[in-house]
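One structure is given below, encoded as structure tokens.
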Amino acid sequence: MTTLAPTMLRAAMAKWEDQYASAVFAGIVGDLAHRLTGGYHISIQDQPSDNYSVTRPKDKAPPGKWRRDLSSAGDMSKNRADMVRGYSYWNRLYNDRTDPRRKYFNAVNCWDGTGDAVRLDFVANVRGFATVDHTQHEHMELCRMYAEDPEAGLALVSVVSGETKDQWNEGDDMSEAFPAFGDKGEGVKRVQGQLNDLGYKAGPVDGVYGTVLQAVVKKFRAKYLKPEEVGDGKKVTGWMTRQIDKDLNALDGVKGDKGDKGDKGDPGKDGLGAGSSFTGTVSGTVS
């Protein structure tokens, strides 16, 4: 068996890293030491069924139908000033039980810059203590049922960037950011135009997510993913929007007409963070 990192969470962690000057992505999938003790860095299938991380209603599968081979935690190393800033955002989320973003999170280990690191449990609504290493990195746990949910990734980025509940509530509809089959509007037009620019022949940019766009989305995913991961093409995920951006940046960097070298473009990140040696298995770098 093996534990995998959700593509959505990898992309969200990269955006989290962008929010802080000192932030360095520290990993998603736990190492062998983590596997011995279990936890959210380790998949459901790679640990005992009575481990604390697989017994809550939003974590246990079955009866939940979410995947059993995914990690649902992420670590971000930061300096003291950025740890304090991050704590202020997580603490605000913890203190407001009406914030709709809370539902995605199980807990976070963070530090306010003095004394012990703390653990904020969003499910049990309990404030406790965390081990001393969490004065140097934040440890975030999504409820396992949301490990592949694009909206959970948006909620994570929203919280760590300091957005308020009101800003989240007034934000763009999810169909704009991650359109799905049957959606209509500007979000669909954006994807159609981008895929056309990349040569995928997505058809007229009419803002309708129908069978033509479905087939093109499936074709795009098939270029990068294993056959069992491609899906039916009925949803644009966080991973896909990030990969499209990377492909467009690469396209901008090709040599132009009549010797014009063109813009180099932003190479972006690979979703893993600076210096990461992420492998997608239990031999990952989280410690």
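Following the order of the structure tokens, chains are lettered A, B, ..., residues in each are numbered from 1, and ligands are numbered from 1.
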DSSP helix (DSSP H, G or I) selection over region 53-250 of chain A, as an NGL selection string
:A and (53-54 or 80-95 or 100-104 or 132-135 or 144-146 or 150-160 or 165-169 or 174-177 or 186-197 or 211-224 or 227-229 or 238-250)
So that I can see what lies close to Val157 (chain A), please list as an mmCIF file with N, CA, C and O atoms, in the first residue's frame the residues with an atom at most 10 Å from it, counting only C-alpha atoms and leaving out residues fewer than 5 positions away in the same chain.
```cif
data_model
loop_
_atom_site.group_PDB
_atom_site.id
_atom_site.type_symbol
_atom_site.label_atom_id
_atom_site.label_comp_id
_atom_site.auth_asym_id
_atom_site.auth_seq_id
_atom_site.Cartn_x
_atom_site.Cartn_y
_atom_site.Cartn_z
ATOM 1 N N ALA A 11 -1.434 21.881 -5.037
ATOM 2 C CA ALA A 11 -1.577 23.215 -5.620
ATOM 3 C C ALA A 11 -1.881 24.259 -4.559
ATOM 4 O O ALA A 11 -1.335 25.367 -4.579
ATOM 5 N N ALA A 12 -2.756 23.908 -3.606
ATOM 6 C CA ALA A 12 -3.110 24.848 -2.546
ATOM 7 C C ALA A 12 -1.902 25.154 -1.663
ATOM 8 O O ALA A 12 -1.703 26.299 -1.240
ATOM 9 N N MET A 13 -1.079 24.151 -1.391
ATOM 10 C CA MET A 13 0.115 24.371 -0.576
ATOM 11 C C MET A 13 1.084 25.313 -1.276
ATOM 12 O O MET A 13 1.745 26.142 -0.635
ATOM 13 N N ALA A 14 1.197 25.189 -2.580
ATOM 14 C CA ALA A 14 2.075 26.093 -3.321
ATOM 15 C C ALA A 14 1.602 27.535 -3.213
ATOM 16 O O ALA A 14 2.404 28.472 -3.069
ATOM 17 N N LYS A 15 0.283 27.727 -3.263
ATOM 18 C CA LYS A 15 -0.266 29.078 -3.125
ATOM 19 C C LYS A 15 -0.102 29.584 -1.700
ATOM 20 O O LYS A 15 0.118 30.785 -1.476
ATOM 21 N N TRP A 16 -0.217 28.687 -0.726
ATOM 22 C CA TRP A 16 0.037 29.050 0.675
ATOM 23 C C TRP A 16 1.476 29.544 0.808
ATOM 24 O O TRP A 16 1.731 30.579 1.422
ATOM 25 N N GLU A 17 2.399 28.819 0.228
ATOM 26 C CA GLU A 17 3.814 29.187 0.295
ATOM 27 C C GLU A 17 4.054 30.588 -0.270
ATOM 28 O O GLU A 17 4.887 31.347 0.229
ATOM 29 N N ASP A 18 3.291 30.949 -1.287
ATOM 30 C CA ASP A 18 3.449 32.257 -1.923
ATOM 31 C C ASP A 18 3.034 33.414 -1.021
ATOM 32 O O ASP A 18 3.415 34.557 -1.273
ATOM 33 N N GLN A 19 2.248 33.131 0.017
ATOM 34 C CA GLN A 19 1.703 34.203 0.855
ATOM 35 C C GLN A 19 2.701 34.745 1.871
ATOM 36 O O GLN A 19 2.474 35.816 2.453
ATOM 37 N N GLU A 151 -12.915 23.399 -3.479
ATOM 38 C CA GLU A 151 -13.340 24.477 -2.600
ATOM 39 C C GLU A 151 -12.572 24.442 -1.283
ATOM 40 O O GLU A 151 -12.300 25.489 -0.681
ATOM 41 N N ALA A 152 -12.189 23.257 -0.823
ATOM 42 C CA ALA A 152 -11.371 23.151 0.386
ATOM 43 C C ALA A 152 -10.005 23.791 0.154
ATOM 44 O O ALA A 152 -9.458 24.450 1.050
ATOM 45 N N GLY A 162 -5.174 35.574 4.953
ATOM 46 C CA GLY A 162 -5.743 36.585 5.821
ATOM 47 C C GLY A 162 -7.102 37.095 5.427
ATOM 48 O O GLY A 162 -7.591 38.088 5.994
ATOM 49 N N GLU A 163 -7.767 36.450 4.470
ATOM 50 C CA GLU A 163 -9.113 36.879 4.098
ATOM 51 C C GLU A 163 -10.074 36.697 5.263
ATOM 52 O O GLU A 163 -9.989 35.719 6.002
#
```
When distances are computed from only C-alpha atoms, which of A:Arg242, A:Lys165, A:Arg221, A:Arg190 shows the smallest separation from Gly207 (chain A)?
A:Arg190
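Relative to CA of Leu195 (chain A), CA of Lys223 (chain A) is found at 13.0 Å.
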